[in-house]
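What follows is one structure encoded as structure tokens, with my remarks underneath.
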Amino acid sequence: MAVTCSVNLEPTARQAVLWTAATSIQAKLGLVEAAPPEVNGGHGALREPRASFVTLTIDGELRGCCGTLEPARPLLLDVWSNAQASAFRDPRFPPLTACEWRCTSLEVSLLTPCERMVVASEQQLLLELVPGRDGLVLEWRGMRATFLPKVWEHVTGPRDFLRRLKEKAGLRADFWAADVQVWRYETEIMAVERPATLEAAPPGPGMVY
């Protein structure tokens, strides 16, 4: 199921985002010398505070995914930090190795601001969810989890999507309570297959590394 993109960066800005994520990982591995980007003079969209997730896969299998839900820093700095978190600090996996990096594919999801959904019941939430478009944050008394819109490609519909999200948050699949809180968002996705095998490309216009 295709994912709807609601925020569109220019091609050069998209290239800068992917280059930043790949360079961040390679710098941490000691394969290149690079520091976090200085964004004061860069492309306007890359300087704006944005939330992002970075997903790593090897042969189609998840190898790391970390990100932010709230925009708190310039986009490129958020991507830089989340790329290293996905590669080296995702608690589900050991730190990525240089050998694995050669086989790793990279995907960056840029999030729109989270929109609070006011629902009176689980059934109302299921009816209002838009498969393929909505990412969802679910929270109940400190237990919290999110699914990116891309997860719709791996579930059978809204009910399956919500059940799995509740389990990810540490709740029962059949759980519901009147004080459950939910927010939705959309994403723009950009990806590169095995960036470690590609010839190094310069950063986007105005970016300084």
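As shown in the structure tokens, the chain order sets the letters A, B, ...; within each chain, residues go from 1, and ligands are also counted from 1 in the order they appear.
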Taking 6 positions as the minimum chain separation for residues in the same chain, which residues sit within 10 Å of Trp176 of chain A when counting only C-alpha atoms? Answer as an mmCIF file with N, CA and C atoms, in the first residue's frame.
```cif
data_model
loop_
_atom_site.group_PDB
_atom_site.id
_atom_site.type_symbol
_atom_site.label_atom_id
_atom_site.label_comp_id
_atom_site.auth_asym_id
_atom_site.auth_seq_id
_atom_site.Cartn_x
_atom_site.Cartn_y
_atom_site.Cartn_z
ATOM 1 N N SER A 121 -14.145 6.254 21.142
ATOM 2 C CA SER A 121 -14.059 4.802 21.247
ATOM 3 C C SER A 121 -13.004 4.279 20.296
ATOM 4 N N GLU A 122 -12.608 3.039 20.501
ATOM 5 C CA GLU A 122 -11.669 2.389 19.583
ATOM 6 C C GLU A 122 -12.281 2.276 18.191
ATOM 7 N N TRP A 140 -0.867 5.849 26.734
ATOM 8 C CA TRP A 140 -1.755 5.612 27.874
ATOM 9 C C TRP A 140 -0.926 5.529 29.141
ATOM 10 N N LYS A 166 -0.590 -1.241 19.862
ATOM 11 C CA LYS A 166 -0.814 -1.380 21.303
ATOM 12 C C LYS A 166 0.188 -2.364 21.911
#
```
Do you know which residues are at most 6 Å from Pro49 of chain A counting only C-alpha atoms, after dropping those on the same chain fewer than 4 positions away, and could you put them as a CSV table (one decimal) with C-alpha atoms, in the first residue's frame?
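Heads up, here's the output in out-v2.csv:
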```csv
chain,number,residue,atom,x,y,z
A,71,PRO,CA,10.4,19.2,15.8
A,72,ALA,CA,13.0,20.4,18.2
A,73,ARG,CA,16.1,21.1,16.0
A,74,PRO,CA,17.0,21.9,12.4
A,75,LEU,CA,16.1,19.1,10.0
```
Please run DSSP on the backbone and report, as a PyMOL selection string, all residues within segment 8-193 of chain A that come out as strand (DSSP E or B). chain A and resi 38+49+51-58+61-67+74+104-111+115-117+135-140+143-147+181-185+187-192
Go through segment 34-139 of chain A and flag each residue having an atom no more than 7 Å from segment 190-196 of chain A; for those, report the closest pair of atoms plus their distance in Å to one decimal, using only C-alpha atoms, ordered by chain and rising number, as a Markdown table.
```
| residue | atom | partner | partner_atom | distance |
| --- | --- | --- | --- | --- |
| A:Trp101 | CA | A:Ala196 | CA | 6.5 |
| A:Arg102 | CA | A:Ala196 | CA | 5.2 |
| A:Cys103 | CA | A:Arg194 | CA | 5.8 |
| A:Thr104 | CA | A:Arg194 | CA | 5.1 |
| A:Ser105 | CA | A:Arg194 | CA | 4.4 |
| A:Leu106 | CA | A:Val192 | CA | 5.5 |
| A:Glu107 | CA | A:Ala191 | CA | 4.1 |
| A:Val108 | CA | A:Met190 | CA | 5.4 |
| A:Ser109 | CA | A:Met190 | CA | 6.6 |
```
Check the DSSP output for the backbone and give back, as a ChimeraX atom specification, the residues of segment 69-186 of chain A in helix (DSSP H, G or I). /A:75-88,98-101,122-128,149-154,158-168
Residue neighbourhood segment 149-162 of chain A, 12 Å, only C-alpha atoms, exclusion window fewer than 3 positions, as an MDAnalysis selection string: chainID A and resid 1:6 53 55 62 107:112 122:138 145:146 165:169 171:176 182 184:190
Write the residues of the preceding selection, restricted to N, CA and C atoms, as a compact mmCIF listing (two decimals), in the first residue's frame.
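New file part11.txt:
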```txt
# COMPACT_ATOMS: atom_id res chain seq x y z
N MET A 1 0.85 -1.18 0.00
CA MET A 1 0.00 0.00 0.00
C MET A 1 0.88 1.23 0.00
N ALA A 2 0.69 2.13 -0.94
CA ALA A 2 1.56 3.28 -1.09
C ALA A 2 1.39 4.24 0.07
N VAL A 3 2.47 4.95 0.37
CA VAL A 3 2.45 5.94 1.44
C VAL A 3 2.30 7.32 0.82
N THR A 4 1.35 8.09 1.30
CA THR A 4 1.13 9.43 0.79
C THR A 4 2.18 10.38 1.34
N CYS A 5 2.77 11.19 0.49
CA CYS A 5 3.75 12.18 0.90
C CYS A 5 3.07 13.55 0.94
N SER A 6 3.10 14.20 2.07
CA SER A 6 2.40 15.47 2.21
C SER A 6 3.34 16.66 2.28
N PHE A 53 12.53 10.23 11.16
CA PHE A 53 12.93 8.89 11.54
C PHE A 53 13.90 8.38 10.47
N THR A 55 15.45 4.77 9.07
CA THR A 55 15.26 3.32 9.09
C THR A 55 16.37 2.65 8.29
N LEU A 62 14.58 -5.35 8.93
CA LEU A 62 14.88 -4.20 9.76
C LEU A 62 16.21 -4.38 10.50
N GLU A 107 16.66 4.68 4.76
CA GLU A 107 15.43 5.39 4.44
C GLU A 107 15.20 6.47 5.50
N VAL A 108 14.84 7.66 5.05
CA VAL A 108 14.53 8.77 5.95
C VAL A 108 13.06 9.15 5.77
N SER A 109 12.35 9.26 6.87
CA SER A 109 10.95 9.70 6.86
C SER A 109 10.87 11.05 7.56
N LEU A 110 10.34 12.05 6.87
CA LEU A 110 10.13 13.37 7.46
C LEU A 110 8.68 13.47 7.89
N LEU A 111 8.44 13.88 9.13
CA LEU A 111 7.10 13.88 9.69
C LEU A 111 6.45 15.26 9.61
N THR A 112 5.15 15.27 9.34
CA THR A 112 4.37 16.48 9.52
C THR A 112 4.08 16.62 11.01
N GLU A 122 -12.61 3.04 20.50
CA GLU A 122 -11.67 2.39 19.58
C GLU A 122 -12.28 2.28 18.19
N GLN A 123 -13.57 1.99 18.12
CA GLN A 123 -14.22 1.86 16.82
C GLN A 123 -14.18 3.16 16.04
N GLN A 124 -14.37 4.29 16.73
CA GLN A 124 -14.29 5.57 16.04
C GLN A 124 -12.89 5.81 15.50
N LEU A 125 -11.88 5.45 16.29
CA LEU A 125 -10.50 5.59 15.82
C LEU A 125 -10.26 4.75 14.57
N LEU A 126 -10.74 3.51 14.59
CA LEU A 126 -10.55 2.63 13.44
C LEU A 126 -11.21 3.20 12.19
N LEU A 127 -12.36 3.84 12.35
CA LEU A 127 -13.07 4.41 11.21
C LEU A 127 -12.37 5.65 10.67
N GLU A 128 -11.70 6.39 11.53
CA GLU A 128 -11.07 7.64 11.11
C GLU A 128 -9.66 7.45 10.57
N LEU A 129 -9.02 6.33 10.88
CA LEU A 129 -7.67 6.09 10.35
C LEU A 129 -7.71 5.95 8.82
N VAL A 130 -6.69 6.52 8.17
CA VAL A 130 -6.57 6.42 6.71
C VAL A 130 -5.40 5.50 6.39
N PRO A 131 -5.68 4.25 5.99
CA PRO A 131 -4.59 3.31 5.69
C PRO A 131 -3.66 3.86 4.61
N GLY A 132 -2.36 3.63 4.82
CA GLY A 132 -1.38 4.07 3.85
C GLY A 132 -0.95 5.51 4.02
N ARG A 133 -1.72 6.30 4.72
CA ARG A 133 -1.38 7.72 4.90
C ARG A 133 -0.99 8.07 6.32
N ASP A 134 -1.76 7.57 7.30
CA ASP A 134 -1.59 8.00 8.68
C ASP A 134 -0.51 7.22 9.42
N GLY A 135 0.43 7.95 10.03
CA GLY A 135 1.23 7.41 11.11
C GLY A 135 0.48 7.66 12.39
N LEU A 136 0.73 6.87 13.42
CA LEU A 136 -0.07 7.01 14.63
C LEU A 136 0.82 6.92 15.87
N VAL A 137 0.55 7.81 16.82
CA VAL A 137 1.15 7.76 18.15
C VAL A 137 0.03 7.39 19.13
N LEU A 138 0.29 6.39 19.96
CA LEU A 138 -0.69 5.97 20.97
C LEU A 138 -0.03 6.06 22.33
N ALA A 145 3.88 4.47 22.05
CA ALA A 145 4.52 3.87 20.88
C ALA A 145 3.99 4.55 19.63
N THR A 146 4.74 4.42 18.55
CA THR A 146 4.30 4.97 17.26
C THR A 146 4.58 3.97 16.16
N LEU A 165 0.22 -1.89 17.27
CA LEU A 165 0.75 -0.69 17.91
C LEU A 165 0.56 -0.76 19.42
N LYS A 166 -0.59 -1.24 19.86
CA LYS A 166 -0.81 -1.38 21.30
C LYS A 166 0.19 -2.36 21.91
N GLU A 167 0.45 -3.44 21.23
CA GLU A 167 1.43 -4.40 21.73
C GLU A 167 2.82 -3.79 21.79
N LYS A 168 3.16 -2.96 20.82
CA LYS A 168 4.46 -2.29 20.83
C LYS A 168 4.57 -1.37 22.04
N ALA A 169 3.45 -0.77 22.45
CA ALA A 169 3.44 0.12 23.61
C ALA A 169 3.42 -0.64 24.92
N LEU A 171 0.92 -2.83 25.75
CA LEU A 171 -0.48 -3.05 26.12
C LEU A 171 -1.00 -4.32 25.45
N ARG A 172 -2.10 -4.84 25.97
CA ARG A 172 -2.74 -5.98 25.33
C ARG A 172 -3.33 -5.57 23.98
N ALA A 173 -3.40 -6.52 23.08
CA ALA A 173 -3.95 -6.22 21.76
C ALA A 173 -5.41 -5.80 21.82
N ASP A 174 -6.13 -6.27 22.83
CA ASP A 174 -7.55 -5.92 22.95
C ASP A 174 -7.79 -4.78 23.93
N PHE A 175 -6.73 -4.11 24.36
CA PHE A 175 -6.87 -3.06 25.36
C PHE A 175 -7.52 -1.82 24.79
N TRP A 176 -8.36 -1.16 25.60
CA TRP A 176 -8.84 0.19 25.30
C TRP A 176 -9.28 0.82 26.61
N VAL A 182 -4.31 9.67 21.28
CA VAL A 182 -3.75 9.32 19.98
C VAL A 182 -3.51 10.58 19.16
N ARG A 184 -2.03 11.65 15.03
CA ARG A 184 -1.62 11.12 13.72
C ARG A 184 -0.75 12.14 12.99
N TYR A 185 0.00 11.63 12.03
CA TYR A 185 0.89 12.45 11.23
C TYR A 185 1.09 11.79 9.88
N GLU A 186 1.70 12.51 8.95
CA GLU A 186 2.05 11.95 7.64
C GLU A 186 3.55 12.05 7.44
N THR A 187 4.05 11.41 6.41
CA THR A 187 5.50 11.43 6.17
C THR A 187 5.81 11.64 4.70
N GLU A 188 6.99 12.17 4.48
CA GLU A 188 7.62 12.15 3.16
C GLU A 188 8.82 11.23 3.27
N ILE A 189 8.92 10.27 2.38
CA ILE A 189 9.96 9.25 2.46
C ILE A 189 10.98 9.44 1.35
N MET A 190 12.24 9.28 1.71
CA MET A 190 13.33 9.27 0.73
C MET A 190 14.27 8.13 1.11
```
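Here atom CA of Ala21 of chain A and atom CA of Leu46 of chain A stand 13.0 Å from one another.
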Within 12 Å of Arg89 of chain A using only C-alpha atoms, minus same-chain residues under 4 positions, as an MDAnalysis selection string: chainID A and resid 25 28 63:67 81:85 93:96
Just write the chosen residues, C-alpha atoms, as a PDB file, in the first residue's frame.
```pdb
ATOM      1  CA  ILE A  25      26.840   6.678  10.115  1.00  0.00           C
ATOM      2  CA  LYS A  28      30.708   7.109  13.561  1.00  0.00           C
ATOM      3  CA  ARG A  63      18.322  -3.366  11.207  1.00  0.00           C
ATOM      4  CA  GLY A  64      17.486  -0.204  13.140  1.00  0.00           C
ATOM      5  CA  CYS A  65      14.886   2.540  13.330  1.00  0.00           C
ATOM      6  CA  CYS A  66      14.971   5.591  15.602  1.00  0.00           C
ATOM      7  CA  GLY A  67      13.583   9.082  15.358  1.00  0.00           C
ATOM      8  CA  SER A  81      21.416  12.332  15.244  1.00  0.00           C
ATOM      9  CA  ASN A  82      18.678   9.854  14.322  1.00  0.00           C
ATOM     10  CA  ALA A  83      20.894   8.100  11.783  1.00  0.00           C
ATOM     11  CA  GLN A  84      23.496   7.374  14.454  1.00  0.00           C
ATOM     12  CA  ALA A  85      20.798   6.332  16.929  1.00  0.00           C
ATOM     13  CA  PHE A  93      19.984  -4.620  17.784  1.00  0.00           C
ATOM     14  CA  PRO A  94      23.732  -4.616  18.447  1.00  0.00           C
ATOM     15  CA  PRO A  95      25.655  -1.637  17.043  1.00  0.00           C
ATOM     16  CA  LEU A  96      26.031  -1.690  13.274  1.00  0.00           C
TER      17      LEU A  96
END
```
